[in-house]
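Enquirer: Pasting in a structure now, in structure tokens, and then I'll have a few things to ask.
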Amino acid sequence: MNIPVIMAEQPPLESTLMNDVPLLPHIVNGDSGQQVILVQVNPGETFTIRTEDGHIQCIQGPAHVPMMSPNGSMPPIYVPPGYVSRVIEESGVRRVVVLPHSTEFHPSNHPSMHPPPPHVPHYMHHHPALIPHPHQVYAPVTGTGDIPPQFIPQHPPPPHVFADQESRSPHGRSNFNHRDERTVKVHERLQKRLKERQVGGQKDKPNSPPSSPHKSHSISPTNVQNGYGKGQAAGGAETAAGPVKLKPSGKVRSGPQVDAEAGNSDSETKLLQEFLSGITKPVVSEIKEKSVVLSWDPPSISMEGENNVDQLLASCTYEVTISNSGKSGKFKVVYLGEKTTVTISELRPATDYHVRVAAICNSVKGSISEAASFTTEISKPDTPALPKLISRTKNSLSLQWKAPNDGGSKISSYLLEWDEGKQSPFKECYFGHQKQYKLTKLSPSVGCTFRLAAKNDIGLSDFSETVQYYTAGSVPPVPDPPRLIHAGVTWMSLEWSRPSGVSCDESITYVLEMEDESSGYGFKAKYNGDELACTLKNLRRSTSFNCRVFACNSEGKSNPSEVVKYCTCPDKPGPPSKPSIKGKVQSSTLKTVWDPPKDNGGSEITKYVLELSEGLNENKWDMVYNGLTREHVCDHLKAGTLYRMRVYCISSGGQSQVSEVLAVQTAAVVPGRCQPLRLSGKAKAREVALRWAPPMVNGGSAVTEYSVEIGEPGLDDRRLVYKGPELECTVGSLLPGKKYSFWVKAANKVGYGPCSDSTDIPTAAAPPDQCNIPVVTCKTATCVHVHWECPPSNGSEITEFRLEFGGMEGCMQVIYCGPALSYEVKALTPATAYYCRVQAVNAAGPGYYSDTAVCMTPASVPAAVSVLQVIDEDQLENVLPSPSTCLAIQWEEPCCHGSEVIGYNIEYGDKQIAGVSKVTSAIIEDLQPDTAYRIRVQAVNSIGAGPFSHSIKAKTKPLPPEPPHLECAVFSYQSLKLKWGDGPNKALTTNSTQYTLQMEDKFGRFVSVYSGPCHTYKVQRLNESSTYNFRIQAYNDAGEGPFSEVYTFTTTISPPPPLKAPRVQMLDENTCEITWEALQPMKGDAIVYTLQIIIGRETEQVYRGPETSFRLTNFQTNCEYRFKVCAGRQYRDAAGMQELYGPYSPTVPFSSQRQESASSSTETAVELTKVNRETLTDEQFAALIVAGFAVVSILFAFIIQYFVIK
């Protein structure tokens, strides 16, 4: 029996331990066949099994564990003391329920319970890692007395461990398992009494096995249906309603509270199933060829507890099944998830389907809804399969193919395309309803590429993948033997030539065979492909190989080429051993030795190379020895330096890898002599800063400190002034202008080295003292006189004074450097405060600046206006009265020099305007049009008038232009080309006049359609036979002129559009019918058609009328005709009824040849196509004439350029 079960979403967790409990051998299902058992592990519980290799595996709940029963029997259930397993039969399905026993339960009181087998221990104690996790254990086995080896304990039980474990919530399964308060209290009393009974039993019966430390955490039954475990709140199969039948399993006593809980669990499952069965019929929408959208409403049957219903709906999943064989056909699951709207794809076109849905919650599945039906739309056929080659010759290929899925509409024809064997774009080679085709008149050994498409009433399918087939040919000739390009240790590169006499288009492949004579296996294929070279790898070194090559094509394989012999190269040797030190390491010499490599690569070692690297630099290695001797003495080394040594060897096979690196350090000595000290910066009056460099030789040990000594020149008395690790120091408490001698020496871990040479350094003189505050006297408004006194020089003569002067106290600049004690400052600004200070300088440097002195210059006339410019019209707020007679100017107010500006004087031409108020702009009126003026401005204050500003040039604008005359040059049914003025069509760079063309819209407003310098404009997108009003305006730099009068123009009537080429159909031997497409009346005007026939270069009208077809009779046989047609529009105007014809359609050829038989129709069509291609149409003939004229014109232009101009 197979019942589908939905597995839990959480994956099982693994551990490494197992707890076994006593065995109750209750066989529930005795089916003889193989059976899959699904063990359900509740949340918070652990299921333990023993694998075949003896390891223990723990699986944390919630999970479903599938197990296989080889003999088809239900396995015994291992339960702890105080629990019993009961078999329940419900609707023909048996399940095992593990329930707590009554408080009187004891193994000795139940003789019907079989003792555990001797090979299964009664009890396996907890491992310390599992003590905090009490759980119920179900040990799966295959049957009583038939326990597989993976469940037999392989180790003796560990020592007994007894520990009280924390109790868990009785709700070990899920929130759906509800109990009333009375049941919970009864369960708590049962647990307490059971624990007391177990403790008392251990005291009374010391020889009996101890009670299990496990506690029951869930009394909800665990159902087993056909080997698949199912809990109360989980399930994936449909459950059948009906009475529950209990199967006796020995004398098992059960308390009333357990029966009540089991009945409550079944009622809740049935209530949930009834709730899920209320799902409605799915709604079908958006039906397409291969997909459909389904939607449905969740179950809507009311239940007690609104919050519980919402919680169930949130955890519900839905199973959608579909059938294409009717309501009673086989349904297939196409969706399983939580959404209520899904898109089902991969359907068949034009197929009837039935779909239904079922709700699943907590592994309980409701009844399936009513089936909804729909039919998918028809579509174009599916992509056909590749056409197959059924036969071939040297000049033909026969292809055959199968019909694809027609998409609901019968396939009417097939389209077979090929590349003509030239790898060119695909062309049609067959179009018809047959499923095979033979291609003839081909060349031998030619590959042709094909693709296939099918067509029905909906359209043409996609093309199949391309396939290439070759016509028959002959095997290629014997190729030349392969040639050696290059040989390595384990590889060999060979090349060969293409066989002579084979065309370049023929596909040739090659098979290269190689023989190793020492192996005795003969020739083996090493390469098969179309390349003319290959590289053979994984060969033996220093070995000879016999090689030959075959040439193959689609017809077969040629004879082998001549056998040639080539040999691989020897391998390079292995690395020598790591170098080692022989003897004692000195400060400048050491001796190293090494051993030969273990593998010489098949050839003798010719020499060894020893490399040496100083320090930790792995990129720089120096060769210090090469030869056959395996030892070397390295000299001229640096003391206390780390060296790295490595060695490699060379043979005829090449150079080996380097050996392991040996690191060795030479012995250290005292540091060398330091270089003389140097002065850091400049010497000061009472201190000097000294610095020095480390010694060139540190003796092989880092320098730890330095010692600096001081003394007088010529005396031996010295004293220590610095001792430390730094490379600089400052010596203070010195006398100014005196010379001192200094020495320095370095020390490392060995000791101090020699002193450096002496360095004589004199101290510097002190700078002068601070000067007194300078005295400032104002001579004029722009000139002041500054005087100061000489300060003490501090032992060095003062060489110069520096005077700083400026308009701000923090931004003064040096304006004088020299020995004088006074200075006169000129070109100052009147009525301005100035600051100054002075500084004395001698050979020791500058002294401190004096205090700052402040002075104020008297007021004066204003300064000259610096910015003067003409204002454009677009920058003015108010429009100028007349741009041709007015100019607007603007300037910036100058510096007032201590007295406020009260007015300005403006001078232009020969006039001068005085008394202008305190403004910075003015409008000069009553000027001449198109005249240039020079303008300048002067500011005035209470002291007087200042200087004039620089003059600027300004010119008045000319008078604006008059509008030109407007006329229509070209009339059309959808455009009007307007022209105005007498100038050229394109604007000239010297002409500044531009134009604005406006057109009246449907609201009576004039809208600008063009603005620019051109004299023509084409108004497009107009309606046919409509009247439009226009006006024009001219403008230039002087301004905009007036608009012209309104001009009225009318568009023409539009001709009919061109027709497609007519279709000619032969009715009988002397009658053919010419048909063409029909046009709709144009704005109520009737449409007439004119049909012309072209015979050679003569054209004749054969029909004129409103019909769309014409039958031509009594035409000559074996003659070539061409037909073309045009449409005419009949309209009425003031002159009466008129006709306006459009362009002619393309010509269609027609041959009046008599068809001999139906079998020669294909040849006639081919000949007619060739005739059509050979005959030139009128358009082609006209294009040929134009091209001839163009060539002749270019030739004449070249002759004139060469012979006449040059």
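Letters for chains follow the order of the structure tokens (A, B, ...), residue numbers begin at 1 for each chain, and ligand numbers begin at 1 in the order shown.
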Which of segment 644-857 of chain A counts as strand (DSSP E) under DSSP, as number ranges by chain please?
Expert: A: 644-651, 654-655, 662-665, 678-679, 688-691, 705-711, 718-724, 728-731, 739-747, 759-762, 775-780, 783-787, 798-806, 813-818, 822-825, 833-842, 845-846, 853-856
Enquirer: Can you tell me, as a VMD selection string, what residues are no more than 8 Å from segment 954-960 of chain A when counting only C-alpha atoms, ignoring any on the same chain fewer than 4 positions away?
Expert: chain A and resid 870 883 to 887 927 to 935 1035 to 1041
Enquirer: May I have the residues within 6 Å of segment 592-598 of chain A as an MDAnalysis selection string, using only C-alpha atoms and disregarding those fewer than 6 positions away in the same chain?
Expert: chainID A and resid 574:577 579:582 630:632
Enquirer: Only all heavy atoms, please: the residues just picked out, written as a PDB file, in the first residue's frame.
Expert:
```
ATOM      1  N   GLY A 574      66.255  16.050 -10.185  1.00  0.00           N
ATOM      2  CA  GLY A 574      65.602  16.543  -8.988  1.00  0.00           C
ATOM      3  C   GLY A 574      66.503  17.497  -8.227  1.00  0.00           C
ATOM      4  O   GLY A 574      67.705  17.645  -8.518  1.00  0.00           O
ATOM      5  N   PRO A 575      65.957  18.229  -7.233  1.00  0.00           N
ATOM      6  CA  PRO A 575      66.770  19.193  -6.486  1.00  0.00           C
ATOM      7  C   PRO A 575      67.758  18.480  -5.569  1.00  0.00           C
ATOM      8  O   PRO A 575      67.469  17.412  -5.017  1.00  0.00           O
ATOM      9  CB  PRO A 575      65.733  19.977  -5.689  1.00  0.00           C
ATOM     10  CG  PRO A 575      64.602  19.027  -5.520  1.00  0.00           C
ATOM     11  CD  PRO A 575      64.564  18.188  -6.757  1.00  0.00           C
ATOM     12  N   PRO A 576      68.955  19.062  -5.373  1.00  0.00           N
ATOM     13  CA  PRO A 576      69.902  18.502  -4.402  1.00  0.00           C
ATOM     14  C   PRO A 576      69.370  18.649  -2.982  1.00  0.00           C
ATOM     15  O   PRO A 576      68.341  19.294  -2.733  1.00  0.00           O
ATOM     16  CB  PRO A 576      71.179  19.316  -4.630  1.00  0.00           C
ATOM     17  CG  PRO A 576      70.991  19.989  -5.952  1.00  0.00           C
ATOM     18  CD  PRO A 576      69.529  20.179  -6.121  1.00  0.00           C
ATOM     19  N   SER A 577      70.090  18.076  -2.048  1.00  0.00           N
ATOM     20  CA  SER A 577      69.687  18.170  -0.648  1.00  0.00           C
ATOM     21  C   SER A 577      69.945  19.588  -0.129  1.00  0.00           C
ATOM     22  O   SER A 577      70.654  20.384  -0.755  1.00  0.00           O
ATOM     23  CB  SER A 577      70.457  17.156   0.198  1.00  0.00           C
ATOM     24  OG  SER A 577      71.856  17.476   0.199  1.00  0.00           O
ATOM     25  N   PRO A 579      71.633  22.550   1.727  1.00  0.00           N
ATOM     26  CA  PRO A 579      73.022  22.769   2.148  1.00  0.00           C
ATOM     27  C   PRO A 579      73.138  22.751   3.677  1.00  0.00           C
ATOM     28  O   PRO A 579      72.196  23.077   4.406  1.00  0.00           O
ATOM     29  CB  PRO A 579      73.366  24.134   1.557  1.00  0.00           C
ATOM     30  CG  PRO A 579      72.349  24.375   0.499  1.00  0.00           C
ATOM     31  CD  PRO A 579      71.124  23.676   0.939  1.00  0.00           C
ATOM     32  N   SER A 580      74.334  22.380   4.148  1.00  0.00           N
ATOM     33  CA  SER A 580      74.616  22.357   5.585  1.00  0.00           C
ATOM     34  C   SER A 580      75.974  22.991   5.837  1.00  0.00           C
ATOM     35  O   SER A 580      76.810  23.082   4.927  1.00  0.00           O
ATOM     36  CB  SER A 580      74.574  20.924   6.127  1.00  0.00           C
ATOM     37  OG  SER A 580      75.551  20.117   5.468  1.00  0.00           O
ATOM     38  N   ILE A 581      76.178  23.461   7.081  1.00  0.00           N
ATOM     39  CA  ILE A 581      77.415  24.143   7.471  1.00  0.00           C
ATOM     40  C   ILE A 581      78.408  23.102   8.003  1.00  0.00           C
ATOM     41  O   ILE A 581      78.054  22.239   8.817  1.00  0.00           O
ATOM     42  CB  ILE A 581      77.132  25.224   8.514  1.00  0.00           C
ATOM     43  CG1 ILE A 581      76.170  26.273   7.929  1.00  0.00           C
ATOM     44  CG2 ILE A 581      78.430  25.892   8.960  1.00  0.00           C
ATOM     45  CD1 ILE A 581      76.698  26.980   6.726  1.00  0.00           C
ATOM     46  N   LYS A 582      79.637  23.237   7.551  1.00  0.00           N
ATOM     47  CA  LYS A 582      80.715  22.346   7.997  1.00  0.00           C
ATOM     48  C   LYS A 582      81.748  23.189   8.729  1.00  0.00           C
ATOM     49  O   LYS A 582      82.331  24.110   8.167  1.00  0.00           O
ATOM     50  CB  LYS A 582      81.359  21.639   6.801  1.00  0.00           C
ATOM     51  CG  LYS A 582      82.411  20.610   7.193  1.00  0.00           C
ATOM     52  CD  LYS A 582      82.949  19.892   5.963  1.00  0.00           C
ATOM     53  CE  LYS A 582      83.968  18.837   6.342  1.00  0.00           C
ATOM     54  NZ  LYS A 582      84.530  18.136   5.161  1.00  0.00           N
ATOM     55  N   ARG A 630      80.982  19.077  -4.304  1.00  0.00           N
ATOM     56  CA  ARG A 630      79.770  19.318  -3.523  1.00  0.00           C
ATOM     57  C   ARG A 630      80.098  20.029  -2.208  1.00  0.00           C
ATOM     58  O   ARG A 630      79.459  19.783  -1.189  1.00  0.00           O
ATOM     59  CB  ARG A 630      79.046  18.004  -3.244  1.00  0.00           C
ATOM     60  CG  ARG A 630      78.529  17.306  -4.503  1.00  0.00           C
ATOM     61  CD  ARG A 630      77.506  16.260  -4.167  1.00  0.00           C
ATOM     62  NE  ARG A 630      78.002  15.262  -3.228  1.00  0.00           N
ATOM     63  CZ  ARG A 630      78.677  14.176  -3.574  1.00  0.00           C
ATOM     64  NH1 ARG A 630      78.962  13.953  -4.864  1.00  0.00           N
ATOM     65  NH2 ARG A 630      79.087  13.308  -2.669  1.00  0.00           N
ATOM     66  N   GLU A 631      81.076  20.930  -2.209  1.00  0.00           N
ATOM     67  CA  GLU A 631      81.363  21.763  -1.045  1.00  0.00           C
ATOM     68  C   GLU A 631      82.048  23.032  -1.533  1.00  0.00           C
ATOM     69  O   GLU A 631      82.669  23.050  -2.609  1.00  0.00           O
ATOM     70  CB  GLU A 631      82.225  21.030  -0.031  1.00  0.00           C
ATOM     71  CG  GLU A 631      83.616  20.681  -0.522  1.00  0.00           C
ATOM     72  CD  GLU A 631      84.442  19.981   0.530  1.00  0.00           C
ATOM     73  OE1 GLU A 631      83.841  19.416   1.477  1.00  0.00           O
ATOM     74  OE2 GLU A 631      85.662  20.002   0.423  1.00  0.00           O
ATOM     75  N   HIS A 632      81.894  24.108  -0.686  1.00  0.00           N
ATOM     76  CA  HIS A 632      82.479  25.389  -1.086  1.00  0.00           C
ATOM     77  C   HIS A 632      82.656  26.260   0.165  1.00  0.00           C
ATOM     78  O   HIS A 632      81.848  26.197   1.103  1.00  0.00           O
ATOM     79  CB  HIS A 632      81.573  26.118  -2.083  1.00  0.00           C
ATOM     80  CG  HIS A 632      82.091  27.455  -2.508  1.00  0.00           C
ATOM     81  ND1 HIS A 632      83.231  27.603  -3.264  1.00  0.00           N
ATOM     82  CD2 HIS A 632      81.618  28.709  -2.262  1.00  0.00           C
ATOM     83  CE1 HIS A 632      83.456  28.883  -3.482  1.00  0.00           C
ATOM     84  NE2 HIS A 632      82.483  29.575  -2.883  1.00  0.00           N
TER      85      HIS A 632
END
```
Enquirer: Counting only C-alpha atoms, which residue out of A:Asn405, A:Gln770, A:Thr280, A:Ser291 sits closest to Ala358 of chain A?
Expert: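 Closest to Ala358 of chain A of all the choices is A:Thr280.
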Enquirer: For Met623 of chain A, work out the shell of residues within 10 Å, counting only C-alpha atoms and skipping chain neighbours fewer than 4 positions away, then give it as a VMD selection string.
Expert: chain A and resid 609 to 613 645 to 647
Enquirer: If you keep C-alpha atoms, can you produce a file of those selected residues as a PDB file, in the first residue's frame?
Expert:
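Output (out-v3.pdb):
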```pdb
ATOM      1  CA  VAL A 609      75.486  25.917  -8.758  1.00  0.00           C
ATOM      2  CA  LEU A 610      75.555  27.526  -5.275  1.00  0.00           C
ATOM      3  CA  GLU A 611      73.644  30.810  -4.833  1.00  0.00           C
ATOM      4  CA  LEU A 612      73.904  33.250  -1.946  1.00  0.00           C
ATOM      5  CA  SER A 613      71.422  35.952  -0.870  1.00  0.00           C
ATOM      6  CA  MET A 645      72.045  29.700   0.584  1.00  0.00           C
ATOM      7  CA  ARG A 646      70.546  27.311  -1.943  1.00  0.00           C
ATOM      8  CA  VAL A 647      71.940  24.939  -4.580  1.00  0.00           C
TER       9      VAL A 647
END
```
Enquirer: Report, in Å with one decimal, the straight-line distance from atom CA of Trp496 of chain A to atom CA of Thr543 of chain A.
Expert: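 Atom CA of Thr543 of chain A lies 21.4 Å from atom CA of Trp496 of chain A.
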Enquirer: Name the residues in contact with segment 633-637 of chain A at a cut-off of 8 Å, using only C-alpha atoms, excluding same-chain residues fewer than 4 positions from it; report them as a VMD selection string.
Expert: chain A and resid 587 to 592 624 641 666
Enquirer: Of the residues A:Ala853, A:Ala844, A:Pro1106, A:Lys327, which is the one nearest to Met812 of chain A, using only C-alpha atoms?
Expert: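 Residue with the minimum atom-to-atom distance to Met812 of chain A: A:Ala853.
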Enquirer: Out of A:Thr852, A:Asn842, A:Gln423, A:Thr1099, which residue has the shortest atom-to-atom distance to Phe805 of chain A when counting only C-alpha atoms?
Expert: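 Checking each of A:Thr852, A:Asn842, A:Gln423, A:Thr1099 against Phe805 of chain A, counting only C-alpha atoms, the winner is A:Thr852.
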Enquirer: Can you list, as a VMD selection string, every protein, DNA or RNA residue that comes within 10 Å of Lys438 of chain A when you count only C-alpha atoms, leaving out same-chain residues fewer than 4 positions away?
Expert: chain A and resid 389 to 392 396 to 400 429 to 430
Enquirer: Just C-alpha atoms for this one: save the residues we selected as a short mmCIF file (atom, residue, chain, number, x, y, z; two decimals), in the first residue's frame.
Expert:
```cif
data_model
loop_
_atom_site.label_atom_id
_atom_site.label_comp_id
_atom_site.auth_asym_id
_atom_site.auth_seq_id
_atom_site.Cartn_x
_atom_site.Cartn_y
_atom_site.Cartn_z
CA LEU A 389 18.89 12.18 -44.56
CA ILE A 390 17.33 9.01 -46.02
CA SER A 391 19.59 8.59 -49.05
CA ARG A 392 22.36 10.35 -50.94
CA SER A 396 21.57 14.36 -54.86
CA LEU A 397 20.31 14.38 -51.27
CA SER A 398 16.94 12.97 -50.12
CA LEU A 399 15.52 14.43 -46.93
CA GLN A 400 12.57 13.39 -44.80
CA CYS A 429 14.36 25.07 -51.77
CA TYR A 430 10.93 23.51 -51.07
#
```
Enquirer: Between A:Phe1030, A:Phe47, A:Tyr752, A:Phe1203, which one has atoms that come closest to Glu705 of chain A, using only C-alpha atoms?
Expert: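 When distances to Glu705 of chain A are compared using only C-alpha atoms, the smallest one comes from A:Tyr752.
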Enquirer: Can you measure atom CA of Ser972 of chain A to atom CA of Thr1016 of chain A for me? One decimal in Å is fine.
Expert: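 Spanning atom CA of Ser972 of chain A to atom CA of Thr1016 of chain A is a straight-line distance of 15.4 Å.
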Enquirer: So how many Å separate atom CA of Ser951 of chain A and atom CA of Arg936 of chain A, to one decimal?
Expert: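 If I compute the distance from atom CA of Ser951 of chain A to atom CA of Arg936 of chain A, I get 4.6 Å.
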